[in-house]
Structures are given as C-alpha cells and as structure tokens.
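Novice: I'd like to ask some things about the structure below.
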Amino acid sequence: MSILKNVTIGQYYPGDSVVHRLDPRTKLGLSFAFIVVLFIVKGFLPYAWLAALVLLVAQIASVPLKVMLRGLKPLTFIIALTFLLHIFTTRGGVVLWQLGFLRIDSNGLAQGAFLSFRLILLVVATSLLTLTTSPIALTDGLERILSPGAKLGLPAHELAMMMTIALRFIPTLIDEADKIMRAQLARGADFETGGLIKRAKNLLPLLVPLFVSAFRRADELAMAMEARAYRGGKHRTRLKVLKYTSSDFWAFCLSGLAFGVAYYLGRWA
Amino acid sequence: MPIKIKNLSSIYSAGTSFEVRALDGISLDIGEGEFIGIIGPTGSGKSTLVQHFNGLIRPTQGEVLVDGRDLADKTTDLRAVRQRVGLIFQYPEHQLFEETVFADVAFGPKNQGVSVAELRERVHEALALVGLDPDAIVDRSPFELSGGQMRRVAIAGVLAMRPTVLVLDEPTAGLDPKGRDELLAQLKELHSKSGMTVILVSHSMEDIARVATRLIVLAGGQVIADGTPRAVFAQAKMLTEVGLGVPQVTELMLALRERGYNVPDVALTVEEACAIILGLSLRGEQQ
C-alpha cells in the first residue's frame, strides 16, 4: 500500500521468452535503432506499423499490455501538454473550431496527434527494453558497448557500475521516501494541497531527509565495496560472459527488415 | 475510549500473486491512559496495525474508531486525528530536516496552526519531556547531534503536538543499553505524569516487561494473546512457538521450577527475580 507505488522507471518484468534471452547489446542497439527510425519516418501509417511491431514483441515476451502502459502514467501530463500545445499553435488546413483567440486547425490536430503518438511509442518501446532486460544485464551490455572507448580514456566500467548502483537503489529510495512521507504526514505535513510554489516548499520535509539518507547510504556502500577490495574495471573477470547467439542474428535481421518497411511506408505515404 | 478497533483486516497487493494478509480480523479496545506493549515476530503486522491508529492507512475491512471518529469515513479530518494520535516511526531521527532543533520540533505544532508565542513554550516543554536541555539545544543543527539525541529530538517533534495517544514503533532499536534504559524510563515517567496513552511496539521482551501494563501479542496478523505482562508471559510455550520468547528472567524462573524449586512462573524484572531467589536461599538456610 505504498503511496509511491506507481513509479516504474527501470522496472524489470521477469520472464523466460526469446526476447528476455536476447543479448542485452542486441536489445540496446535495436532500441536505439527504433528511436532513430521513429524520428526519421513521418506519417500515421509507418507509426501504426511500428506500434504493431512493439505490440508483437511484447506479445512474444509475454509482457501484459497493462504493465507496459503503466510506464506512461507519470508522463500523461507531458503527453497531454504536447498535444494541446500543437493543437492550438499549429496553423493550416481547415478551421475546425474557434472560440475567441483559440482556434483549432486540421493541421494542428494532425500534428498534435502525431507528436503524442511519437512520445507514447518512444516511452513504450524503451520501457519494453527495461521490462525484458534485468538491470544487471543492461549495464553489462552497456559496459561492453562502451568498452572500446576505454582506450580513449572513457571509464566504461565505472560508468556501468554507477548505473548499476543507481538502478539498484531506485526501489530502496522509493521505500525510504515512502517512510519519510508517512512520518511527516504523522506530524501534520501536507503534500497534497496548495499551489505549485507551496507544494514545492512542502516537499522540503521529504527531500532533505531523503538526501541525507542517500548520502549516508552512498558512504556506507563505498566503505563496504572498499572493504572487499573493489578497485574498478582493470583485471576484473566476469561470471557471465556475454555472447551473441543465433537468435540475436535473427533479431537483427528481422528488425532491420521491419525498420526498412517502416521507412518505405513513410516515403510512400 | 480513545481507540476502538473492530474486526480489522488489511491486505497488501490485493488481487495479485503477491497478496499478503497483513492483518486478519483484529478487534481491540484501547482505553485512556493505558501503557500498552505490542509484540510480535517480524511480519506479524505490528507496523501495519499502528499505522491504522492515526489513519496513515485507511481501514478497508473492519472499523477503526478514534475518539468515536470513523477513520474509514472519507469526511473524517485525518489531520485532526493525527494530532490526537502521535506516531513515532522506527529510526525517527531519519525524518529530521530543519536547520535548527527548534524549527524541527516546531514543525508539527506549526502545521496545526499553533501561534508563534505558544510555539516556544511547546518546543521547550517537549524537549524537556525527552530529557534534553532546551536552552542548550534549540539553536543547534539537528544533524550535528549524537544518534541518541537526534532520536529524542525527533520524539519531541511529535510530543510538541500534544497528542493524547503516543505510539512508538521500536523506539529503542539501535540505541546502546544506557540510551535504551533512559528512553524507557522517560516514557514511563511521561505516561505517569501526563496520563497519556502510550503504545509501544517492540520485539524486545525485556523492554516491554519493564514498562507496559498491558501486553498484546500479534502473530500472523492476529491477536494471539492480550492481557497483563504477567499473564501473557506465563504462556511461555505459546510465545516460543510463534518465534518470540519470554524475558530472560522469566526463563530463569521456568528453569528453576523445572529443577523443583518453588518459585512463581513469571518474573518481569531483574529486581523481582533477585528478590525471589534471595527469598529462596533464605528459606533454604532456615530449613
């Protein structure tokens, strides 16, 4: 019955599907390619095709639609804002509705719907990546992708370790925030009413203790890691060495084909 | 009758595979001025239960009445209830946030709308109640105090709201023996002086045996024993079965009885056990 239970960033939905078993590098690369394609192609037809693709992959990974859409909840406001901004500011086409200085043109409606669609696809596709890849696998993959940069002085291992730790502590911090929130509510704090500035000010009793505890935790963790002689990426071997398999090959081929189709649908339309 | 609970159940993550029945049909009457100890093994629902006392968790099944106010009723002013029932969480020092001790202790009463003139009085009174010297401490930053002092300041922050019921969840966790003894003694004094109802959640038998006048034992979300500490600790076997135990001195009494000595089956404090054993040896000498 956590107050903050609807925070789903970086949440993993365990499973044993082909999608789950793909190499994290494959999934990272394909997600990135998906985003690029999403920004290159224009038109509702290719977007419908991409949406179908996302749904298909979710189906294969047996991630329920409800779980996927949960990631959208915190972004409802931004999506709605994007939609409204475009609907009222883009001019052209037929005037559909007018009231005083407010006017909706058909181009605005199309543009608003298109950009909201793009945002939704962006969020849903990337959340599909985190839903089917455990945080450890994800950072492992990222480390391997970045490792050529190590020769140029890019601290690939350190970056990946920082990400692992950050992801690992999200649920801990949410729990902590929940606890502090309850404690302050018990002291008559008010997190729900008032204007924007008042609400932001009311968050202080939550944020200050949260930061204090985050720093304390970071300190303790650093100490524990040093006590176990942790000293970064050099000479570390790993238990699980990432390896591409035939399903990765097929994933690249099929996705490449699907992205190509999306591109042609966009040009053709 | 400050708190009345009727057939209260609480379920986490209802409808999913993670469903947990944290509370299962609990009924309790908590009278004015009682000093109650709630014990139970980890996961027995203690924390869930006490969060129902001030409406941090709204009852979904069953009833919670605080001073006759129904907490399930959406129109009940929960902030007023929270002012009446002060709840102190585990490690309360983690909630400190202000720049000075004064401001932090004043946070609660300020939210209640207490006037500036009265704030000073309330803060000083609350700090004195937890055994701190108000004049020496009010201007300091709460973050530069020792762990024990921070905890007292946090407790003072709730006392400053002048609640009629004070609920403390594991207040002695992580304190050294001296700090623990002092805190318990102050709670006892607070209770006898102010007539406040005090509810102490703990899994330390020793702590509770020393201060509580009534003991409620939770296991698996149900009340499995409710009575005076003496009556409850007499059921040593049942307590051990649910993963609890009895105070060490009670254990000693039981061991003595097993060896055929004529002693009562419960002792609550070391002093009491001492007197019993001394009496035994005196009688022994006379025989």
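The chains in the structure tokens are called A, B, ... from first to last as shown; in each chain the residues are counted from 1, and the ligands are counted from 1 in the order shown.
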Residues at most 12 Å from A:Val19, counting only C-alpha atoms, excluding those fewer than 3 positions away in the same chain, as a ChimeraX atom specification?
Specialist: /A:13-16,22-24,26-28,30,54,56-63,128-134,247-248,250-251
Novice: Please list as an MDAnalysis selection string every residue within 12 Å of B:Leu87, counting only C-alpha atoms and excluding residues in the same chain fewer than 4 positions away.
Specialist: (chainID A and resid 182:188) or (chainID B and resid 47 49:56 81:83 92 108 154:159 161:171 197:201)
Novice: Which residues of chain B sit at most 6 Å from chain A, using only C-alpha atoms? Give each one's shortest atom pair and distance in Å (one decimal place), in chain and ascending residue order, as JSON lines.
Specialist:
```
{"residue": "B:Tyr12", "atom": "CA", "partner": "A:Met1", "partner_atom": "CA", "distance": 6.0}
{"residue": "B:Arg79", "atom": "CA", "partner": "A:Gly188", "partner_atom": "CA", "distance": 6.0}
{"residue": "B:Arg82", "atom": "CA", "partner": "A:Ala186", "partner_atom": "CA", "distance": 5.7}
{"residue": "B:Gln95", "atom": "CA", "partner": "A:Pro209", "partner_atom": "CA", "distance": 5.6}
{"residue": "B:Phe97", "atom": "CA", "partner": "A:Val208", "partner_atom": "CA", "distance": 5.4}
{"residue": "B:Gly108", "atom": "CA", "partner": "A:Arg187", "partner_atom": "CA", "distance": 4.7}
{"residue": "B:Asn111", "atom": "CA", "partner": "A:Gly188", "partner_atom": "CA", "distance": 5.6}
```
Novice: Only C-alpha atoms, please: the residues just picked out, written as a PDB file, in the first residue's frame.
Specialist:
```pdb
ATOM      1  CA  TYR B  12      -1.449  -5.767   0.630  1.00  0.00           C
ATOM      2  CA  ARG B  79      -5.090  15.703  10.255  1.00  0.00           C
ATOM      3  CA  ARG B  82      -3.054  12.610  13.553  1.00  0.00           C
ATOM      4  CA  GLN B  95      12.902  12.373   9.416  1.00  0.00           C
ATOM      5  CA  PHE B  97      15.121  18.094   8.147  1.00  0.00           C
ATOM      6  CA  GLY B 108       4.256  19.581  13.861  1.00  0.00           C
ATOM      7  CA  ASN B 111       1.162  22.571  10.880  1.00  0.00           C
TER       8      ASN B 111
END
```
Novice: Report as a PyMOL selection string all protein, DNA and RNA residues lying within 10 Å of stretch 222-227 of chain B, evaluated on only C-alpha atoms, omitting residues in the same chain fewer than 4 positions from it.
Specialist: chain B and resi 8-9+22-28+36-40+44-46+213-218+231-233+235+238-239+242
Novice: One number please: atom CA of A:Leu85 to atom CA of A:Gly112, in Å, one decimal.
Specialist: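 One can read the atom CA of A:Leu85 to atom CA of A:Gly112 distance as 7.5 Å.
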Novice: What's around stretch 43-50 of chain A at 6 Å? Count only C-alpha atoms, leave out sequence neighbours fewer than 2 positions away in its own chain, and write the answer as a PyMOL selection string.
Specialist: chain A and resi 52-53+262+265-266
Novice: Among the residues of stretch 17-208 of chain B, find those DSSP assigns to strand (DSSP E or B) from the backbone and print them as a ChimeraX atom specification.
Specialist: /B:20-30,35-39,61-66,69-70,85-88,165-169,197-201
Novice: Those residues with N, CA and C atoms, as a JSON list (two decimals), in the first residue's frame please?
Specialist:
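Okay, this is what ended up in out_29.json:
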```json
[["chain", "number", "residue", "atom", "x", "y", "z"],
["B", 20, "VAL", "N", -0.80, -10.34, 0.39],
["B", 20, "VAL", "CA", -0.40, -10.66, 1.76],
["B", 20, "VAL", "C", -1.49, -10.17, 2.70],
["B", 21, "ARG", "N", -1.92, -11.04, 3.59],
["B", 21, "ARG", "CA", -2.91, -10.63, 4.58],
["B", 21, "ARG", "C", -2.14, -10.15, 5.80],
["B", 22, "ALA", "N", -1.94, -8.83, 5.90],
["B", 22, "ALA", "CA", -1.11, -8.30, 6.99],
["B", 22, "ALA", "C", -1.86, -8.33, 8.31],
["B", 23, "LEU", "N", -3.15, -8.03, 8.26],
["B", 23, "LEU", "CA", -3.97, -8.09, 9.47],
["B", 23, "LEU", "C", -5.19, -8.94, 9.16],
["B", 24, "ASP", "N", -5.61, -9.72, 10.13],
["B", 24, "ASP", "CA", -6.66, -10.69, 9.87],
["B", 24, "ASP", "C", -7.66, -10.70, 11.03],
["B", 25, "GLY", "N", -8.68, -9.85, 10.89],
["B", 25, "GLY", "CA", -9.76, -9.85, 11.88],
["B", 25, "GLY", "C", -9.35, -9.45, 13.29],
["B", 26, "ILE", "N", -8.77, -8.25, 13.39],
["B", 26, "ILE", "CA", -8.30, -7.80, 14.71],
["B", 26, "ILE", "C", -9.35, -6.94, 15.39],
["B", 27, "SER", "N", -9.62, -7.24, 16.66],
["B", 27, "SER", "CA", -10.52, -6.40, 17.45],
["B", 27, "SER", "C", -9.81, -6.01, 18.74],
["B", 28, "LEU", "N", -9.80, -4.72, 19.04],
["B", 28, "LEU", "CA", -9.10, -4.24, 20.23],
["B", 28, "LEU", "C", -9.83, -3.04, 20.80],
["B", 29, "ASP", "N", -9.80, -2.91, 22.12],
["B", 29, "ASP", "CA", -10.25, -1.68, 22.75],
["B", 29, "ASP", "C", -9.06, -1.10, 23.50],
["B", 30, "ILE", "N", -8.69, 0.11, 23.16],
["B", 30, "ILE", "CA", -7.56, 0.71, 23.86],
["B", 30, "ILE", "C", -8.09, 1.87, 24.67],
["B", 35, "PHE", "N", -0.83, 1.84, 29.25],
["B", 35, "PHE", "CA", 0.52, 1.72, 28.70],
["B", 35, "PHE", "C", 0.60, 0.33, 28.08],
["B", 36, "ILE", "N", 0.49, 0.30, 26.75],
["B", 36, "ILE", "CA", 0.34, -0.97, 26.07],
["B", 36, "ILE", "C", 1.62, -1.35, 25.34],
["B", 37, "GLY", "N", 1.99, -2.59, 25.44],
["B", 37, "GLY", "CA", 3.10, -3.10, 24.64],
["B", 37, "GLY", "C", 2.54, -4.00, 23.56],
["B", 38, "ILE", "N", 2.98, -3.80, 22.33],
["B", 38, "ILE", "CA", 2.58, -4.70, 21.25],
["B", 38, "ILE", "C", 3.82, -5.46, 20.81],
["B", 39, "ILE", "N", 3.79, -6.77, 20.91],
["B", 39, "ILE", "CA", 4.92, -7.55, 20.43],
["B", 39, "ILE", "C", 4.47, -8.54, 19.38],
["B", 61, "GLN", "N", -11.22, -3.08, 5.49],
["B", 61, "GLN", "CA", -12.19, -4.04, 6.02],
["B", 61, "GLN", "C", -12.20, -3.89, 7.53],
["B", 62, "GLY", "N", -13.38, -3.73, 8.10],
["B", 62, "GLY", "CA", -13.45, -3.55, 9.54],
["B", 62, "GLY", "C", -13.47, -2.07, 9.90],
["B", 63, "GLU", "N", -13.41, -1.79, 11.20],
["B", 63, "GLU", "CA", -13.62, -0.43, 11.67],
["B", 63, "GLU", "C", -12.49, 0.02, 12.57],
["B", 64, "VAL", "N", -12.11, 1.28, 12.45],
["B", 64, "VAL", "CA", -11.20, 1.89, 13.42],
["B", 64, "VAL", "C", -11.86, 3.19, 13.88],
["B", 65, "LEU", "N", -12.14, 3.27, 15.18],
["B", 65, "LEU", "CA", -12.73, 4.48, 15.72],
["B", 65, "LEU", "C", -11.73, 5.14, 16.68],
["B", 66, "VAL", "N", -11.39, 6.39, 16.39],
["B", 66, "VAL", "CA", -10.52, 7.14, 17.30],
["B", 66, "VAL", "C", -11.37, 8.26, 17.88],
["B", 69, "ARG", "N", -14.45, 8.81, 16.12],
["B", 69, "ARG", "CA", -14.41, 9.18, 14.71],
["B", 69, "ARG", "C", -14.04, 7.97, 13.87],
["B", 70, "ASP", "N", -14.83, 7.72, 12.85],
["B", 70, "ASP", "CA", -14.61, 6.57, 11.99],
["B", 70, "ASP", "C", -13.55, 6.91, 10.94],
["B", 85, "VAL", "N", -3.37, 11.42, 17.82],
["B", 85, "VAL", "CA", -2.58, 10.19, 17.93],
["B", 85, "VAL", "C", -1.20, 10.43, 17.32],
["B", 86, "GLY", "N", -0.21, 10.62, 18.17],
["B", 86, "GLY", "CA", 1.15, 10.87, 17.67],
["B", 86, "GLY", "C", 1.84, 9.55, 17.37],
["B", 87, "LEU", "N", 2.37, 9.44, 16.16],
["B", 87, "LEU", "CA", 3.00, 8.18, 15.76],
["B", 87, "LEU", "C", 4.49, 8.41, 15.52],
["B", 88, "ILE", "N", 5.31, 7.65, 16.23],
["B", 88, "ILE", "CA", 6.76, 7.77, 16.05],
["B", 88, "ILE", "C", 7.27, 6.49, 15.40],
["B", 165, "VAL", "N", -2.62, 10.22, 22.54],
["B", 165, "VAL", "CA", -2.13, 8.85, 22.43],
["B", 165, "VAL", "C", -0.76, 8.93, 21.75],
["B", 166, "LEU", "N", 0.21, 8.25, 22.31],
["B", 166, "LEU", "CA", 1.54, 8.25, 21.72],
["B", 166, "LEU", "C", 1.89, 6.83, 21.31],
["B", 167, "VAL", "N", 2.15, 6.65, 20.01],
["B", 167, "VAL", "CA", 2.50, 5.32, 19.52],
["B", 167, "VAL", "C", 3.96, 5.33, 19.10],
["B", 168, "LEU", "N", 4.75, 4.41, 19.62],
["B", 168, "LEU", "CA", 6.16, 4.35, 19.25],
["B", 168, "LEU", "C", 6.49, 3.00, 18.65],
["B", 169, "ASP", "N", 7.04, 3.01, 17.43],
["B", 169, "ASP", "CA", 7.40, 1.77, 16.75],
["B", 169, "ASP", "C", 8.89, 1.52, 16.97],
["B", 197, "THR", "N", -1.96, 8.04, 26.83],
["B", 197, "THR", "CA", -1.96, 6.62, 26.46],
["B", 197, "THR", "C", -0.69, 6.36, 25.68],
["B", 198, "VAL", "N", 0.08, 5.37, 26.08],
["B", 198, "VAL", "CA", 1.31, 5.08, 25.36],
["B", 198, "VAL", "C", 1.23, 3.67, 24.79],
["B", 199, "ILE", "N", 1.52, 3.55, 23.51],
["B", 199, "ILE", "CA", 1.54, 2.24, 22.87],
["B", 199, "ILE", "C", 2.94, 2.01, 22.33],
["B", 200, "LEU", "N", 3.56, 0.95, 22.82],
["B", 200, "LEU", "CA", 4.96, 0.69, 22.50],
["B", 200, "LEU", "C", 5.05, -0.59, 21.68],
["B", 201, "VAL", "N", 5.56, -0.46, 20.45],
["B", 201, "VAL", "CA", 5.75, -1.64, 19.61],
["B", 201, "VAL", "C", 7.20, -2.08, 19.73]]
```
Novice: Name the residues of stretch 25-239 of chain A that come out as alpha helix (DSSP H) in a backbone DSSP run; write them as a ChimeraX atom specification.
Specialist: /A:25-40,44-60,65-70,76-89,106-132,135-146,156-186,196-202,204-227
Novice: Return the single residue from B:Ala160, B:Gly220, B:Val101, B:Val114 that is closest to B:Ser141, with distances computed using only C-alpha atoms.
Specialist: B:Val101
Novice: Please provide as a PDB file with N, CA and C atoms, in the first residue's frame all residues within 9 Å of B:Ala173, with the sequence filter that same-chain residues fewer than 2 positions apart are discarded (counting only C-alpha atoms).
Specialist:
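Wrote part.pdb, looks like this:
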```
ATOM      1  N   GLN B  90       9.995   3.843  13.349  1.00  0.00           N
ATOM      2  CA  GLN B  90      11.337   3.323  13.604  1.00  0.00           C
ATOM      3  C   GLN B  90      12.369   4.313  13.096  1.00  0.00           C
ATOM      4  N   TYR B  91      13.449   4.441  13.781  1.00  0.00           N
ATOM      5  CA  TYR B  91      14.516   5.380  13.423  1.00  0.00           C
ATOM      6  C   TYR B  91      13.956   6.762  13.095  1.00  0.00           C
ATOM      7  N   GLU B 170       9.217   0.533  17.753  1.00  0.00           N
ATOM      8  CA  GLU B 170      10.610   0.178  18.036  1.00  0.00           C
ATOM      9  C   GLU B 170      11.475   1.384  18.408  1.00  0.00           C
ATOM     10  N   PRO B 171      11.101   2.110  19.455  1.00  0.00           N
ATOM     11  CA  PRO B 171      11.855   3.342  19.735  1.00  0.00           C
ATOM     12  C   PRO B 171      13.274   3.090  20.231  1.00  0.00           C
ATOM     13  N   LEU B 175      19.798   1.727  19.837  1.00  0.00           N
ATOM     14  CA  LEU B 175      20.355   2.530  20.932  1.00  0.00           C
ATOM     15  C   LEU B 175      21.240   1.639  21.807  1.00  0.00           C
ATOM     16  N   ASP B 176      22.223   2.247  22.463  1.00  0.00           N
ATOM     17  CA  ASP B 176      23.038   1.455  23.380  1.00  0.00           C
ATOM     18  C   ASP B 176      22.233   1.219  24.673  1.00  0.00           C
ATOM     19  N   ARG B 180      18.875   3.157  25.886  1.00  0.00           N
ATOM     20  CA  ARG B 180      17.608   2.440  25.912  1.00  0.00           C
ATOM     21  C   ARG B 180      16.946   2.578  27.269  1.00  0.00           C
ATOM     22  N   SER B 202       7.394  -3.347  19.969  1.00  0.00           N
ATOM     23  CA  SER B 202       8.770  -3.790  20.147  1.00  0.00           C
ATOM     24  C   SER B 202       8.833  -5.288  19.954  1.00  0.00           C
TER      25      SER B 202
END
```
Novice: Write out as a VMD selection string the residues lying within 10 Å of B:Ile276, counting only C-alpha atoms and excluding same-chain residues fewer than 6 positions away.
Specialist: chain B and resid 253 262 to 264 267 270 282
Novice: How far is it from atom CA of B:Val249 to atom CA of B:Val266, in Å with one decimal?
Specialist: 7.9 Å
Novice: Calculated over only C-alpha atoms, which of the candidates A:Arg238, A:Arg21, A:Arg231, A:Arg217 has the smallest distance to A:Leu173?
Specialist: A:Arg217
Novice: List the neighbours of A:Trp97 out to 12 Å using only C-alpha atoms; skip same-chain residues closer than 3 positions along the sequence, and give me the result as a VMD selection string.
Specialist: chain A and resid 87 to 88 93 to 94 100 to 106 108 to 109
Novice: Rank A:Phe83, A:Phe34, A:Gln11, A:Ile145 by their smallest atom-to-atom distance to A:Ala258, using only C-alpha atoms, and report the top residue only.
Specialist: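 Closest to A:Ala258 of all the choices is A:Phe34.
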